[in-house]
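Working notes for the structure below.
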Amino acid sequence: MTQSFPVTITVNEKEYKREVEPRLLLSDFLRHELGLTGTHVGCEHGVCGACTILFDGESIRSCLIFAIQADGHAITTVEGLAKDKDNLHPLQQSFWEAHGLQCGYCTPGILMSMIPFLKQNPDPTEDEIRHALSGNLCRCTGYQHIVDAVKLAAEKMK
Amino acid sequence: MKSAPFEYHVPDSLEQALELKSQKGDDARPLAGGQSLVPAMNFRIVQPSILIDLNRLTELSFIREEGQTIRIGAMARERHLEFDASIAKHIPLLTEATPFIAHPQIRNRGTIGGSVVNADPAAELPVLMLALNARLKAKNVSGERWVDAPDFFAGMFTTVLEPDEILVEIKIPFMSPRTGWSFMEVAPRAGDYALMGVAALVTLDENGKCQQAKLVYLNAGDGPMDAKQAAKILQGEKLNDSLIESAAVLASEQEITPFGNMHASAEFQRHLANVLTKNALKQAMQRAEENLQ
């Protein structure tokens, strides 16, 4: 066990103080230290996109950054999207309505990739949506319903 | 799938970072965006004993015009290159090629300096450094030196940086007038490592003849591969299909040395290089002609 260092990380607008070993990945910090298991871990080398979170508002892979590097930064995870289960974020609601998920493993990463994407492109074409989804692997849906859900979300969020 | 333990340093200034690098030398790896280093550490392909995290060095994250060049700090994120207005205006090849680098989530974190120093033969930025005649500034505690892009890469995942040096800045000249550009690659899926890729530049003279051409390939050898002979046969000529065909054959058969991998044999990579060369040269030529008018 190597030495641990104190960090202060804001996650979903709540400040957390913890001691972390430098090699602890941010994805593991969120899941194991904070119990925020909505952030999923797939490949742990940046390919699958399941662990995508917002880091100071921009989507990044939480498996490709150490928790210690998030010291002083603001993180948003999928848990930060909805106020409660009856008040889903319009993007989540759209995934529900358009059947944008099957097993759901990839969904948190996709949602966290689409939040900044829809902010930058409020009225995206299907091609743009598909390109924006290229960094997130889904093995169930064949993507069509995910694309539909993102289109629906763009409508709702107008 | 977890990294081995390491000693972690996060300097607040370049001076501190250089001091650390001079003390720790080869044992210490600078951590830039971490989009190649961290997965390699997760796999334990590499186990650096010390990391020097450069992410607090905001002094290295600039992009600014100076004279006829754009100066880019080594810690500028790839996503910032992609949307920078002066790069789009003066170095459009870089703007066009940047979205080919992995995915937005990776480009949000990945840096130009990190990718260049990683010197992956399959990466886009080393190829672009050669194509665009970039100069790279390395620093150590006692001074700095500028290295031309062709002299910077020393083989697969290797550069000429000394153990006490850190890459701090990249300077790219504006693309010359009457220059057309193209960047093309073939990848199994968008954002994957490309099986083959090429950056092409064509500069025309006032009469529409090719004054200078440049063809640099990725995943085509042990570093970015500059097909100088192919570029040379285009020089001074009015470009036509048969000349472009000859350049494509020369580059793909003689000048590149692809190894083949599980997705593509070396022969198929050469075939892709041939086709991409022709398409890229045609697009670059067309754009140069538009600039001529």
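Identifiers for the structure tokens are assigned positionally: chains receive A, B, ... in sequence, residues are indexed from 1 per chain, and ligands are indexed from 1 in the order shown.
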Inset, instruction - May I have the residues of chain B within 9 Å of chain A, counting only C-alpha atoms, written as number ranges by chain? - result: B: 1-8, 10, 33-40, 42-43, 53, 55, 102-109, 189-192
Emit the selected residues as a compact mmCIF listing (two decimals), in the first residue's frame, including N, CA and C atoms.
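out-v3.txt written:
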```txt
# COMPACT_ATOMS: atom_id res chain seq x y z
N MET B 1 -6.23 -5.13 -14.23
CA MET B 1 -6.62 -3.90 -14.93
C MET B 1 -6.47 -2.65 -14.06
N LYS B 2 -5.59 -2.73 -13.05
CA LYS B 2 -5.30 -1.53 -12.27
C LYS B 2 -3.82 -1.27 -12.38
N SER B 3 -3.50 0.03 -12.36
CA SER B 3 -2.11 0.42 -12.48
C SER B 3 -1.30 -0.05 -11.26
N ALA B 4 -0.03 -0.29 -11.50
CA ALA B 4 0.89 -0.55 -10.39
C ALA B 4 1.08 0.75 -9.60
N PRO B 5 1.50 0.64 -8.35
CA PRO B 5 1.71 1.87 -7.56
C PRO B 5 2.80 2.75 -8.17
N PHE B 6 2.67 4.04 -7.96
CA PHE B 6 3.69 4.97 -8.43
C PHE B 6 3.74 6.17 -7.47
N GLU B 7 4.85 6.89 -7.57
CA GLU B 7 5.00 8.12 -6.80
C GLU B 7 4.42 9.25 -7.65
N TYR B 8 3.58 10.09 -7.04
CA TYR B 8 2.86 11.10 -7.81
C TYR B 8 3.29 12.51 -7.44
N VAL B 10 2.64 16.67 -8.60
CA VAL B 10 1.83 17.56 -9.43
C VAL B 10 2.33 19.00 -9.26
N GLY B 33 -2.35 14.34 -21.06
CA GLY B 33 -3.77 14.00 -21.05
C GLY B 33 -4.02 12.60 -20.50
N GLY B 34 -3.00 11.74 -20.62
CA GLY B 34 -3.10 10.39 -20.07
C GLY B 34 -3.94 9.43 -20.90
N GLN B 35 -4.32 9.82 -22.12
CA GLN B 35 -5.25 8.98 -22.87
C GLN B 35 -4.57 7.78 -23.53
N SER B 36 -3.25 7.78 -23.58
CA SER B 36 -2.50 6.59 -23.98
C SER B 36 -1.76 5.99 -22.79
N LEU B 37 -1.19 6.88 -21.95
CA LEU B 37 -0.39 6.41 -20.81
C LEU B 37 -1.25 5.66 -19.78
N VAL B 38 -2.42 6.21 -19.44
CA VAL B 38 -3.21 5.58 -18.37
C VAL B 38 -3.72 4.19 -18.80
N PRO B 39 -4.27 4.03 -20.02
CA PRO B 39 -4.63 2.65 -20.41
C PRO B 39 -3.42 1.71 -20.39
N ALA B 40 -2.27 2.19 -20.84
CA ALA B 40 -1.07 1.33 -20.82
C ALA B 40 -0.69 0.97 -19.39
N ASN B 42 -2.98 0.85 -16.88
CA ASN B 42 -4.03 -0.06 -16.42
C ASN B 42 -3.73 -1.51 -16.85
N PHE B 43 -3.20 -1.64 -18.06
CA PHE B 43 -2.82 -2.97 -18.57
C PHE B 43 -1.49 -3.46 -18.02
N ASP B 53 2.61 14.95 -13.06
CA ASP B 53 1.36 15.39 -13.67
C ASP B 53 1.50 16.84 -14.13
N ASN B 55 -0.86 18.62 -15.56
CA ASN B 55 -2.16 19.23 -15.80
C ASN B 55 -2.41 20.55 -15.08
N ALA B 102 -9.38 9.60 -32.18
CA ALA B 102 -10.26 8.93 -31.22
C ALA B 102 -11.66 9.55 -31.20
N HIS B 103 -12.17 9.84 -29.99
CA HIS B 103 -13.54 10.32 -29.81
C HIS B 103 -13.52 11.64 -29.05
N PRO B 104 -14.64 12.40 -29.10
CA PRO B 104 -14.67 13.68 -28.38
C PRO B 104 -14.26 13.53 -26.91
N GLN B 105 -14.71 12.45 -26.27
CA GLN B 105 -14.40 12.27 -24.84
C GLN B 105 -12.90 12.14 -24.61
N ILE B 106 -12.20 11.57 -25.60
CA ILE B 106 -10.74 11.42 -25.50
C ILE B 106 -10.07 12.76 -25.84
N ARG B 107 -10.59 13.44 -26.86
CA ARG B 107 -9.98 14.72 -27.27
C ARG B 107 -10.18 15.80 -26.21
N ASN B 108 -11.22 15.68 -25.39
CA ASN B 108 -11.41 16.64 -24.30
C ASN B 108 -10.24 16.61 -23.32
N ARG B 109 -9.58 15.50 -23.25
CA ARG B 109 -8.52 15.31 -22.26
C ARG B 109 -7.15 15.23 -22.92
N ARG B 189 -13.88 1.34 -37.33
CA ARG B 189 -15.01 2.15 -36.88
C ARG B 189 -14.50 3.56 -36.66
N ALA B 190 -15.40 4.54 -36.73
CA ALA B 190 -15.00 5.92 -36.45
C ALA B 190 -14.31 5.98 -35.10
N GLY B 191 -13.17 6.61 -35.03
CA GLY B 191 -12.48 6.79 -33.76
C GLY B 191 -11.48 5.70 -33.42
N ASP B 192 -11.56 4.56 -34.10
CA ASP B 192 -10.57 3.50 -33.88
C ASP B 192 -9.23 3.90 -34.50
```
Inset, instruction - Pick out the residues sitting within 8 Å of Leu91 in chain A, and hand them over as a VMD selection string; count only C-alpha atoms, and ignore anything fewer than 2 positions along from it in its own chain. - result: chain A and resid 88 to 89 93 to 95 111 115 149 to 150 153
Residues within 12 Å of Ala273 in chain B, only C-alpha atoms, excluding chain neighbours under 2 positions, as a PDB file with C-alpha atoms, in the first residue's frame:
```
ATOM      1  CA  MET B 184      -7.989  10.676 -45.116  1.00  0.00           C
ATOM      2  CA  GLU B 185      -7.886   7.414 -43.233  1.00  0.00           C
ATOM      3  CA  VAL B 186      -9.561   4.022 -43.164  1.00  0.00           C
ATOM      4  CA  ALA B 194      -6.737   3.659 -38.554  1.00  0.00           C
ATOM      5  CA  LEU B 195      -5.457   0.799 -40.696  1.00  0.00           C
ATOM      6  CA  MET B 196      -3.881   3.418 -42.946  1.00  0.00           C
ATOM      7  CA  GLY B 197      -4.051   7.179 -43.236  1.00  0.00           C
ATOM      8  CA  VAL B 198      -2.482  10.024 -45.167  1.00  0.00           C
ATOM      9  CA  ALA B 199      -2.045  13.772 -44.854  1.00  0.00           C
ATOM     10  CA  ALA B 200      -1.588  15.436 -48.246  1.00  0.00           C
ATOM     11  CA  LEU B 215       2.485  13.044 -48.408  1.00  0.00           C
ATOM     12  CA  VAL B 216       2.826  11.687 -44.868  1.00  0.00           C
ATOM     13  CA  TYR B 217       1.356   8.355 -43.753  1.00  0.00           C
ATOM     14  CA  LEU B 218       0.251   6.877 -40.443  1.00  0.00           C
ATOM     15  CA  ASN B 219       0.432   3.228 -39.430  1.00  0.00           C
ATOM     16  CA  ALA B 220       2.831   2.787 -42.331  1.00  0.00           C
ATOM     17  CA  MET B 225       6.256   8.086 -42.945  1.00  0.00           C
ATOM     18  CA  ALA B 227       6.945   9.818 -48.906  1.00  0.00           C
ATOM     19  CA  GLU B 245      -1.219   7.245 -60.099  1.00  0.00           C
ATOM     20  CA  ALA B 247       2.932   8.966 -56.991  1.00  0.00           C
ATOM     21  CA  ALA B 248       0.444   6.592 -55.358  1.00  0.00           C
ATOM     22  CA  VAL B 249       2.349   3.539 -56.616  1.00  0.00           C
ATOM     23  CA  LEU B 250       5.710   4.936 -55.581  1.00  0.00           C
ATOM     24  CA  ALA B 251       4.529   5.880 -52.075  1.00  0.00           C
ATOM     25  CA  SER B 252       2.527   2.730 -51.388  1.00  0.00           C
ATOM     26  CA  GLU B 253       4.979   0.220 -52.916  1.00  0.00           C
ATOM     27  CA  GLN B 254       8.394   1.747 -52.243  1.00  0.00           C
ATOM     28  CA  GLU B 255       8.327   4.332 -49.530  1.00  0.00           C
ATOM     29  CA  ILE B 256       6.104   3.085 -46.744  1.00  0.00           C
ATOM     30  CA  THR B 257       6.866  -0.037 -44.696  1.00  0.00           C
ATOM     31  CA  PRO B 258       3.610  -1.176 -43.066  1.00  0.00           C
ATOM     32  CA  ALA B 266       0.721  -5.343 -44.964  1.00  0.00           C
ATOM     33  CA  GLU B 267      -0.393  -5.914 -48.541  1.00  0.00           C
ATOM     34  CA  PHE B 268      -3.884  -4.600 -47.789  1.00  0.00           C
ATOM     35  CA  GLN B 269      -2.359  -1.601 -45.996  1.00  0.00           C
ATOM     36  CA  ARG B 270      -0.337  -0.832 -49.144  1.00  0.00           C
ATOM     37  CA  HIS B 271      -3.496  -1.126 -51.209  1.00  0.00           C
ATOM     38  CA  VAL B 275      -6.194   4.439 -52.975  1.00  0.00           C
ATOM     39  CA  LEU B 276      -6.008   7.046 -50.201  1.00  0.00           C
ATOM     40  CA  THR B 277      -3.056   8.774 -51.882  1.00  0.00           C
ATOM     41  CA  LYS B 278      -5.002   9.216 -55.109  1.00  0.00           C
ATOM     42  CA  ASN B 279      -8.142  10.461 -53.362  1.00  0.00           C
ATOM     43  CA  ALA B 280      -6.229  12.765 -51.039  1.00  0.00           C
ATOM     44  CA  LEU B 281      -4.091  14.260 -53.810  1.00  0.00           C
TER      45      LEU B 281
END
```
Spatial neighbours of Glu15 in chain A, max dist 10 Å, only C-alpha atoms, sep filter under 5 positions, as an mmCIF file with N, CA and C atoms, in the first residue's frame:
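Done, and the output landed in part28.cif:
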```
data_model
loop_
_atom_site.group_PDB
_atom_site.id
_atom_site.type_symbol
_atom_site.label_atom_id
_atom_site.label_comp_id
_atom_site.auth_asym_id
_atom_site.auth_seq_id
_atom_site.Cartn_x
_atom_site.Cartn_y
_atom_site.Cartn_z
ATOM 1 N N THR A 8 -10.215 16.930 -2.389
ATOM 2 C CA THR A 8 -11.561 17.488 -2.256
ATOM 3 C C THR A 8 -12.162 17.521 -3.649
ATOM 4 N N ILE A 9 -13.184 16.730 -3.850
ATOM 5 C CA ILE A 9 -13.765 16.616 -5.188
ATOM 6 C C ILE A 9 -15.267 16.886 -5.088
ATOM 7 N N THR A 10 -15.755 17.762 -5.970
ATOM 8 C CA THR A 10 -17.186 18.052 -5.983
ATOM 9 C C THR A 10 -17.860 17.116 -6.981
ATOM 10 N N GLY A 72 -10.101 19.286 -6.534
ATOM 11 C CA GLY A 72 -10.461 20.672 -6.834
ATOM 12 C C GLY A 72 -11.353 20.846 -8.053
ATOM 13 N N HIS A 73 -11.743 19.740 -8.682
ATOM 14 C CA HIS A 73 -12.582 19.830 -9.888
ATOM 15 C C HIS A 73 -14.019 19.399 -9.597
ATOM 16 N N ALA A 74 -14.889 19.710 -10.563
ATOM 17 C CA ALA A 74 -16.310 19.382 -10.416
ATOM 18 C C ALA A 74 -16.696 18.268 -11.379
ATOM 19 N N ILE A 75 -17.281 17.225 -10.815
ATOM 20 C CA ILE A 75 -17.668 16.044 -11.587
ATOM 21 C C ILE A 75 -19.191 15.948 -11.610
#
```
Inset, instruction - Find the spatial neighbours of range 119-123 of chain A, counting only C-alpha atoms, within a cut-off of 9 Å - ignore same-chain residues fewer than 5 positions away - and output them as a list in words. - result: Met114, Glu128, Lys151, Ala154, Glu155, Met157 and Lys158 of chain A
For the selection you just gave me, I'd like the residues written to a file as a short mmCIF file (atom, residue, chain, number, x, y, z; two decimals), in the first residue's frame, keeping N, CA and C atoms.
```cif
data_model
loop_
_atom_site.label_atom_id
_atom_site.label_comp_id
_atom_site.auth_asym_id
_atom_site.auth_seq_id
_atom_site.Cartn_x
_atom_site.Cartn_y
_atom_site.Cartn_z
N MET A 114 -24.02 12.49 -24.27
CA MET A 114 -25.02 13.24 -25.03
C MET A 114 -25.37 14.59 -24.38
N GLU A 128 -24.94 13.43 -37.31
CA GLU A 128 -24.19 14.04 -36.20
C GLU A 128 -24.40 13.23 -34.92
N LYS A 151 -32.75 11.99 -30.62
CA LYS A 151 -33.56 12.91 -31.42
C LYS A 151 -34.73 13.44 -30.60
N ALA A 154 -33.62 15.95 -28.08
CA ALA A 154 -33.35 17.25 -28.70
C ALA A 154 -34.65 18.03 -28.86
N GLU A 155 -35.72 17.33 -29.26
CA GLU A 155 -37.05 17.96 -29.38
C GLU A 155 -37.52 18.49 -28.03
N MET A 157 -35.86 19.19 -25.39
CA MET A 157 -35.01 20.17 -24.71
C MET A 157 -34.99 21.52 -25.42
N LYS A 158 -35.70 21.61 -26.54
CA LYS A 158 -35.74 22.88 -27.28
C LYS A 158 -36.37 23.99 -26.46
#
```
Inset, instruction - Go through A:Ser27, A:Thr76, A:Ser4, A:Gln102 one by one, measure the shortest atom-to-atom distance of each to Arg139 in chain A using only C-alpha atoms, and give the residue with the smallest value. - result: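 Ranking A:Ser27, A:Thr76, A:Ser4, A:Gln102 by distance to Arg139 in chain A, first place goes to A:Gln102.
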Inset, instruction - Kindly indicate which residue among B:Lys89, B:Lys21, B:His263, B:Arg44 lies nearest to Ala187 in chain B, using only C-alpha atoms for the distances. - result: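 Among B:Lys89, B:Lys21, B:His263, B:Arg44, it is B:His263 that comes nearest to Ala187 in chain B.
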Inset, instruction - Kindly give the distance, in Å, that separates CA of Gly67 in chain B and CA of Gly114 in chain B, rounded to a single decimal. - result: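 Computed distance, CA of Gly67 in chain B to CA of Gly114 in chain B, equals 25.5 Å.
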Legend entry - helix (DSSP H, G or I) call set, DSSP backbone run, chain A, as a count of residues only: 63
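Closest approach to Val147 in chain A from the set A:Ala98, A:Val78, A:Leu118, A:Leu26 is made by A:Ala98, with distances taken over only C-alpha atoms.
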Inset, instruction - Would you mind reading off the distance between CA of Pro124 in chain A and CA of Tyr143 in chain A, one decimal, in Å? - result: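 Interatomic distance, CA of Pro124 in chain A to CA of Tyr143 in chain A: 16.0 Å.
The gap separating CA of Glu66 in chain B from CA of Ala154 in chain B is 28.7 Å, in Å to one decimal.
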Legend entry - Those in range 44-115 of chain A with strand (DSSP E or B) from DSSP, as a PyMOL selection string: chain A and resi 52-55+58-61+66+74-76
Legend entry - 9 Å contact set for Pro150 in chain B, only C-alpha atoms, chain neighbours under 2 positions out, as a ChimeraX atom specification: /B:129-130,133-134,147-148,152-154,224,226
Legend entry - Shell around Leu30 in chain A at 9 Å using only C-alpha atoms, local window under 4 positions removed, as a PyMOL selection string: chain A and resi 11+25-26+34-39+62+67+77
Legend entry - Selected residue of minimal separation from Glu13 in chain A among A:Asp84, A:Asp71, A:Glu33, A:Glu79, counting only C-alpha atoms: A:Glu79
